[in-house]
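**Student:** Before I ask anything, let me first share the structure, which is written out below as structure tokens.
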Amino acid sequence: MGIIVQKYGGTSVGSLEKIKFVANKVAKRYREGHDIAVVVSAMSGETDKLIRLAKDLSPSPDPREMDVLVSTGEQVTIALLSMALKDLGVPARSLLGFQIGIRTDDAFMKARIIDIDTSVLRETFAAKEVAVVAGFQGITDTRDITTLGRGGSDTSAVALAAVLGAELCEIYTDVDGVYTCDPNICDKARRLDRISYDEMLEMASLGAKVLQTRSVEFAKKYNVPILVKSTFTDEGGTLTTQEDSEMEKEIVSGITYDKNEAKITILGVQDKPGIAAMIFTPLSESNINVDMIIQNVSADGKHADLSFTVTKTDYEKAMSIVKQLSGELGARDVVGDPSIAKLSIVGVGMRSHAGVASKMFSSLSRVGINIQMISTSEIKVSCVIDEKFIELGVRVLHEAFELERSRTAL
Ligand code: ASP
Ligand code: MG
């Protein structure tokens with residue numbers, strides 16, 4: 001029997017009852033004869049609570065100490081789950097990141113895993129014990145505790161599955177899979193049985209918050225299939241795996257949206273080399289991520305208008321940086337709009353089909369939705385629209401691409 005890596009998210013271990021429930025699920029698999037590594041998150045709300053404590057204490061908490069603090073949430077869960085397993089007669093061993101050598105770089109609060117030493121895990125399996133591993137955390141070469149960014153337990157689980165050569169990484173959560181769109185705003189949303197790594201990457205980074213984006217990058221690199229399932233039902237599940245010809249038949253697999261976007265437009269900047277660098281270097285130095293960028297040359301050929309989007313959270317900061325620059329840029333004005341959102345269609349089938357973008361545009365225009373910006377990749381088309389039309393936009397596109405049925409035809 002092979003190695004299984006399971007991950008249980010915060011809502012799956014949010015109470016003692018739920019921890020007992022999870023222990024029973026793990027025990028069942030253990031009794032089938034598998035070697036099991038279970039990765040857990042902190043109990044739901046605990047990480048937020050720890051972050052709040054730090055912020056209430058200090059205006060800018062030290063990142064190293066922040067990681068010592070927030071990594072404690074997972075320590076509670078591995079201890080409790082191991083106790084619950086032992087009560088069921090299942091030998092278990094709780095393990096913190098440093099105990100199994102989850103080595104990371106030293107980027108506190110967003111560290112990247114460098115490698116994992118499998119020897120302790122192998123010993124644990126050899127002793128017929130379930131390895132109950134704290135997600136989200138690692139250790140640097142200088143023995144500092146690190147964390148992997150919010151939602152990082154997904155990445156811990158996928159990384160473990162990769163180094164252990166597990167056939168599958170099971171991610172248990174409070175939803176039963178990945179949907180064609182947000183079921184909360186469209187009752188026609190349909191669960192996808194399978195999705196490719198690239199589609200999942202687009203969906204994850206575009207706002208479908210089922211998996212941490214980095215965990216999908218990891219899974220793709222090491223070819224680890226990820227099964228997202230509900231902890232509380234046996235049905236359903238979405239398998240994220242390598243692309244195949246069956247998936248390509250699906251032109252659009254899903255519609256996503258992101259309301260955390262804001263737009264800034266610089267009017268009449270000089271049209272000469274170096275201007276874009278002058279604008280975007282200070283933004284990146286202030287850790288502001290710019291998403292879409294559009295520049296159009298104005299009629300006189302000397303001045304251009306430039307628009308870009310940032311997260312709503314960074315909007316005020318970005319506005320003030322750009323306003324400060326506007327004199328130097330010779331810009332006529334800087335205007336901003338924080339009430340926009342990004343609506344996207346995603347699907348690997350787009351690579352081989354024409355007319356997908358135009359179908360999106362005409363569907364939106366039919367209901368009077370104005371498109372302010374557009375960006376495309378091989379497997380995605382995104383439009384910036386007025387935030388208040390986002391739900392309508394999702395429903396219209398879901399219908400236009402016939403996503404309630406499992407085959408789309410143009
Ligand atoms: N507990 C961490 C968080 O809330 C990690 C995780 O749940 O994946 O972000
Ligand atoms: Mg999560």
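Identifiers for the structure tokens are assigned positionally: chains receive A, B, ... in sequence, residues are indexed from 1 per chain, and ligands are indexed from 1 in the order shown.
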Check which residues fall inside 6 Å of ligand 1 when counting only C-alpha atoms and all ligand atoms, and print them as a VMD selection string.
**Tutor:** chain A and resid 9 to 10 41 to 42 47 136 150 to 154
**Student:** Just list as number ranges by chain whatever in range 154-237 of chain A DSSP marks as helix (DSSP H, G or I).
**Tutor:** A: 154-164, 197-205, 213-222
**Student:** Need the shell around range 381-389 of chain A: protein/DNA/RNA residues with any atom at most 6 Å away, counting only C-alpha atoms. Skip same-chain ones fewer than 6 positions apart. Format as a list of chain:residue names?
**Tutor:**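 Here the qualifying residues turn out to be A:Ser339, A:Ile340, A:Ala341, A:Lys342, A:Leu343, A:Ser344, A:Ile345, A:Ile371, A:Gln372, A:Met373, A:Ile374, A:Ser375.
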**Student:** Can those selected residues be exported to a file as a short mmCIF file (atom, residue, chain, number, x, y, z; two decimals), in the first residue's frame so that it contains N, CA and C atoms?
**Tutor:**
data_model
loop_
_atom_site.label_atom_id
_atom_site.label_comp_id
_atom_site.auth_asym_id
_atom_site.auth_seq_id
_atom_site.Cartn_x
_atom_site.Cartn_y
_atom_site.Cartn_z
N SER A 339 -13.62 51.37 -7.40
CA SER A 339 -14.80 50.50 -7.43
C SER A 339 -14.90 49.69 -8.72
N ILE A 340 -13.81 49.02 -9.03
CA ILE A 340 -13.81 48.13 -10.20
C ILE A 340 -13.59 46.69 -9.74
N ALA A 341 -13.75 45.75 -10.64
CA ALA A 341 -13.49 44.35 -10.33
C ALA A 341 -13.02 43.67 -11.61
N LYS A 342 -12.40 42.52 -11.45
CA LYS A 342 -11.89 41.80 -12.62
C LYS A 342 -12.69 40.52 -12.82
N LEU A 343 -13.15 40.35 -14.03
CA LEU A 343 -13.96 39.18 -14.37
C LEU A 343 -13.18 38.38 -15.41
N SER A 344 -13.04 37.08 -15.19
CA SER A 344 -12.19 36.29 -16.09
C SER A 344 -12.82 34.98 -16.50
N ILE A 345 -12.48 34.54 -17.71
CA ILE A 345 -12.80 33.18 -18.13
C ILE A 345 -11.49 32.42 -18.28
N ILE A 371 -16.65 47.39 -20.73
CA ILE A 371 -15.34 46.82 -20.41
C ILE A 371 -14.31 47.95 -20.37
N GLN A 372 -13.61 48.08 -19.24
CA GLN A 372 -12.66 49.18 -19.10
C GLN A 372 -11.23 48.80 -19.46
N MET A 373 -10.88 47.55 -19.19
CA MET A 373 -9.54 47.08 -19.54
C MET A 373 -9.64 45.60 -19.88
N ILE A 374 -8.71 45.13 -20.70
CA ILE A 374 -8.72 43.71 -21.08
C ILE A 374 -7.30 43.18 -20.96
N SER A 375 -7.15 41.97 -20.48
CA SER A 375 -5.84 41.31 -20.62
C SER A 375 -6.07 39.85 -20.94
#
**Student:** Per DSSP on the backbone, what are the strand (DSSP E or B) residues of range 165-312 of chain A, as an NGL selection string?
**Tutor:** :A and (169-173 or 179 or 191 or 194-196 or 226-230 or 238-241 or 254-270 or 293-297 or 303-310)
**Student:** Using only N, CA and C atoms, please write the residues we just selected to a file, as a short mmCIF file (atom, residue, chain, number, x, y, z; two decimals), in the first residue's frame.
**Tutor:**
data_model
loop_
_atom_site.label_atom_id
_atom_site.label_comp_id
_atom_site.auth_asym_id
_atom_site.auth_seq_id
_atom_site.Cartn_x
_atom_site.Cartn_y
_atom_site.Cartn_z
N CYS A 169 -2.24 13.73 -3.25
CA CYS A 169 -2.32 14.60 -2.09
C CYS A 169 -3.78 14.98 -1.91
N GLU A 170 -4.37 14.55 -0.81
CA GLU A 170 -5.79 14.83 -0.58
C GLU A 170 -5.93 16.08 0.28
N ILE A 171 -6.65 17.06 -0.22
CA ILE A 171 -6.86 18.30 0.54
C ILE A 171 -8.31 18.31 1.02
N TYR A 172 -8.50 18.15 2.31
CA TYR A 172 -9.86 18.16 2.86
C TYR A 172 -10.23 19.54 3.36
N THR A 173 -11.41 20.00 2.96
CA THR A 173 -11.79 21.37 3.28
C THR A 173 -13.30 21.44 3.51
N TYR A 179 -15.51 24.75 -8.43
CA TYR A 179 -16.72 24.95 -9.22
C TYR A 179 -16.47 25.79 -10.47
N ARG A 191 -19.79 21.56 -10.15
CA ARG A 191 -18.49 21.09 -9.66
C ARG A 191 -17.71 20.44 -10.79
N ARG A 194 -12.45 17.25 -12.84
CA ARG A 194 -11.01 17.34 -13.07
C ARG A 194 -10.67 18.70 -13.63
N ILE A 195 -9.47 19.15 -13.35
CA ILE A 195 -9.02 20.44 -13.86
C ILE A 195 -7.49 20.35 -14.00
N SER A 196 -6.92 21.07 -14.97
CA SER A 196 -5.46 20.97 -15.17
C SER A 196 -4.74 21.92 -14.19
N ILE A 226 -3.64 16.59 -7.04
CA ILE A 226 -4.27 17.09 -5.81
C ILE A 226 -5.77 16.83 -5.88
N LEU A 227 -6.28 16.16 -4.88
CA LEU A 227 -7.73 15.93 -4.82
C LEU A 227 -8.33 16.82 -3.74
N VAL A 228 -9.15 17.79 -4.14
CA VAL A 228 -9.82 18.65 -3.16
C VAL A 228 -11.17 18.04 -2.82
N LYS A 229 -11.40 17.76 -1.56
CA LYS A 229 -12.65 17.09 -1.15
C LYS A 229 -13.21 17.73 0.12
N SER A 230 -14.49 17.50 0.35
CA SER A 230 -15.07 17.94 1.62
C SER A 230 -14.73 16.93 2.70
N THR A 238 -12.61 17.41 -6.57
CA THR A 238 -12.04 17.84 -7.84
C THR A 238 -10.58 17.43 -7.87
N LEU A 239 -10.20 16.75 -8.95
CA LEU A 239 -8.81 16.31 -9.09
C LEU A 239 -8.06 17.31 -9.97
N THR A 240 -6.99 17.89 -9.43
CA THR A 240 -6.13 18.77 -10.23
C THR A 240 -4.96 17.93 -10.72
N THR A 241 -4.81 17.87 -12.02
CA THR A 241 -3.83 16.94 -12.57
C THR A 241 -3.29 17.46 -13.90
N GLY A 254 -14.02 27.61 -16.36
CA GLY A 254 -14.55 28.33 -15.21
C GLY A 254 -14.54 29.84 -15.39
N ILE A 255 -15.38 30.48 -14.59
CA ILE A 255 -15.47 31.94 -14.56
C ILE A 255 -15.01 32.37 -13.16
N THR A 256 -14.08 33.29 -13.09
CA THR A 256 -13.69 33.77 -11.77
C THR A 256 -13.78 35.29 -11.72
N TYR A 257 -13.77 35.81 -10.52
CA TYR A 257 -13.77 37.27 -10.39
C TYR A 257 -12.95 37.66 -9.19
N ASP A 258 -12.50 38.89 -9.20
CA ASP A 258 -11.71 39.40 -8.09
C ASP A 258 -12.16 40.83 -7.82
N LYS A 259 -12.77 41.02 -6.66
CA LYS A 259 -13.25 42.37 -6.33
C LYS A 259 -12.16 43.23 -5.72
N ASN A 260 -11.05 42.60 -5.37
CA ASN A 260 -9.97 43.35 -4.72
C ASN A 260 -9.07 44.02 -5.76
N GLU A 261 -9.67 44.83 -6.62
CA GLU A 261 -8.90 45.52 -7.66
C GLU A 261 -9.28 46.99 -7.68
N ALA A 262 -8.33 47.84 -8.03
CA ALA A 262 -8.59 49.27 -8.18
C ALA A 262 -7.78 49.76 -9.36
N LYS A 263 -8.29 50.83 -9.98
CA LYS A 263 -7.64 51.30 -11.21
C LYS A 263 -7.07 52.71 -11.03
N ILE A 264 -5.89 52.93 -11.57
CA ILE A 264 -5.28 54.26 -11.53
C ILE A 264 -4.92 54.65 -12.97
N THR A 265 -5.28 55.87 -13.36
CA THR A 265 -4.97 56.33 -14.72
C THR A 265 -4.14 57.61 -14.64
N ILE A 266 -3.03 57.62 -15.36
CA ILE A 266 -2.21 58.82 -15.44
C ILE A 266 -2.45 59.41 -16.82
N LEU A 267 -2.97 60.63 -16.83
CA LEU A 267 -3.35 61.25 -18.10
C LEU A 267 -2.21 62.11 -18.65
N GLY A 268 -1.93 61.93 -19.93
CA GLY A 268 -0.96 62.79 -20.61
C GLY A 268 0.46 62.69 -20.11
N VAL A 269 0.95 61.46 -19.88
CA VAL A 269 2.38 61.36 -19.55
C VAL A 269 3.19 61.46 -20.85
N GLN A 270 4.45 61.90 -20.71
CA GLN A 270 5.27 62.02 -21.92
C GLN A 270 5.50 60.65 -22.53
N ILE A 293 -1.83 46.43 -17.09
CA ILE A 293 -1.33 47.74 -17.52
C ILE A 293 -1.79 48.01 -18.94
N ILE A 294 -2.30 49.22 -19.18
CA ILE A 294 -2.67 49.59 -20.55
C ILE A 294 -2.11 50.98 -20.84
N GLN A 295 -1.46 51.13 -21.99
CA GLN A 295 -1.01 52.46 -22.36
C GLN A 295 -1.51 52.75 -23.77
N ASN A 296 -2.11 53.92 -23.95
CA ASN A 296 -2.47 54.29 -25.32
C ASN A 296 -1.89 55.65 -25.70
N VAL A 297 -1.37 55.69 -26.90
CA VAL A 297 -0.73 56.91 -27.38
C VAL A 297 -1.82 57.91 -27.74
N HIS A 303 2.20 62.54 -26.05
CA HIS A 303 1.69 62.22 -24.71
C HIS A 303 0.81 60.99 -24.76
N ALA A 304 0.87 60.20 -23.68
CA ALA A 304 0.07 58.98 -23.62
C ALA A 304 -0.72 58.93 -22.32
N ASP A 305 -1.81 58.17 -22.33
CA ASP A 305 -2.53 57.88 -21.08
C ASP A 305 -2.15 56.48 -20.65
N LEU A 306 -1.95 56.31 -19.37
CA LEU A 306 -1.52 55.00 -18.88
C LEU A 306 -2.41 54.58 -17.71
N SER A 307 -3.01 53.42 -17.83
CA SER A 307 -3.85 52.91 -16.73
C SER A 307 -3.28 51.61 -16.22
N PHE A 308 -3.42 51.38 -14.93
CA PHE A 308 -3.01 50.08 -14.38
C PHE A 308 -3.87 49.75 -13.17
N THR A 309 -3.83 48.49 -12.77
CA THR A 309 -4.62 48.10 -11.61
C THR A 309 -3.72 47.59 -10.49
N VAL A 310 -4.16 47.84 -9.27
CA VAL A 310 -3.50 47.33 -8.07
C VAL A 310 -4.60 46.76 -7.17
#
**Student:** Looking at only C-alpha atoms, which of A:Pro61, A:Gly2, A:Pro91, A:Pro273 is the one that sits closest to Ala23 in chain A?
**Tutor:**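 With only C-alpha atoms as the atom set, the closest residue is A:Pro91.
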**Student:** Write out, as CSV, each residue of range 153-240 of chain A that has an atom at most 8 Å from range 393-403 of chain A, together with the closest pair of atoms and their distance in Å to one decimal, counting only C-alpha atoms, rows going by chain and rising number.
**Tutor:**
residue,atom,partner,partner_atom,distance
A:Thr180,CA,A:Leu403,CA,6.7
A:Cys181,CA,A:Val394,CA,7.4
A:Ile185,CA,A:Arg395,CA,7.8
A:Cys186,CA,A:Arg395,CA,5.9
A:Lys188,CA,A:His398,CA,8.0
A:Ala189,CA,A:Leu403,CA,7.6
A:Arg190,CA,A:Leu403,CA,7.3
**Student:** How many Å separate CA of Ser298 in chain A from CA of Thr376 in chain A?
**Tutor:**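 Distance between the two atoms: 23.0 Å.
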**Student:** Enter the distance from CA of Thr140 in chain A to CA of Arg64 in chain A, in Å, rounded to one decimal.
**Tutor:** 11.0 Å
**Student:** For the atom pair CA of Met109 in chain A and CA of Pro63 in chain A, what is the interatomic distance in Å to one decimal place?
**Tutor:** 6.7 Å
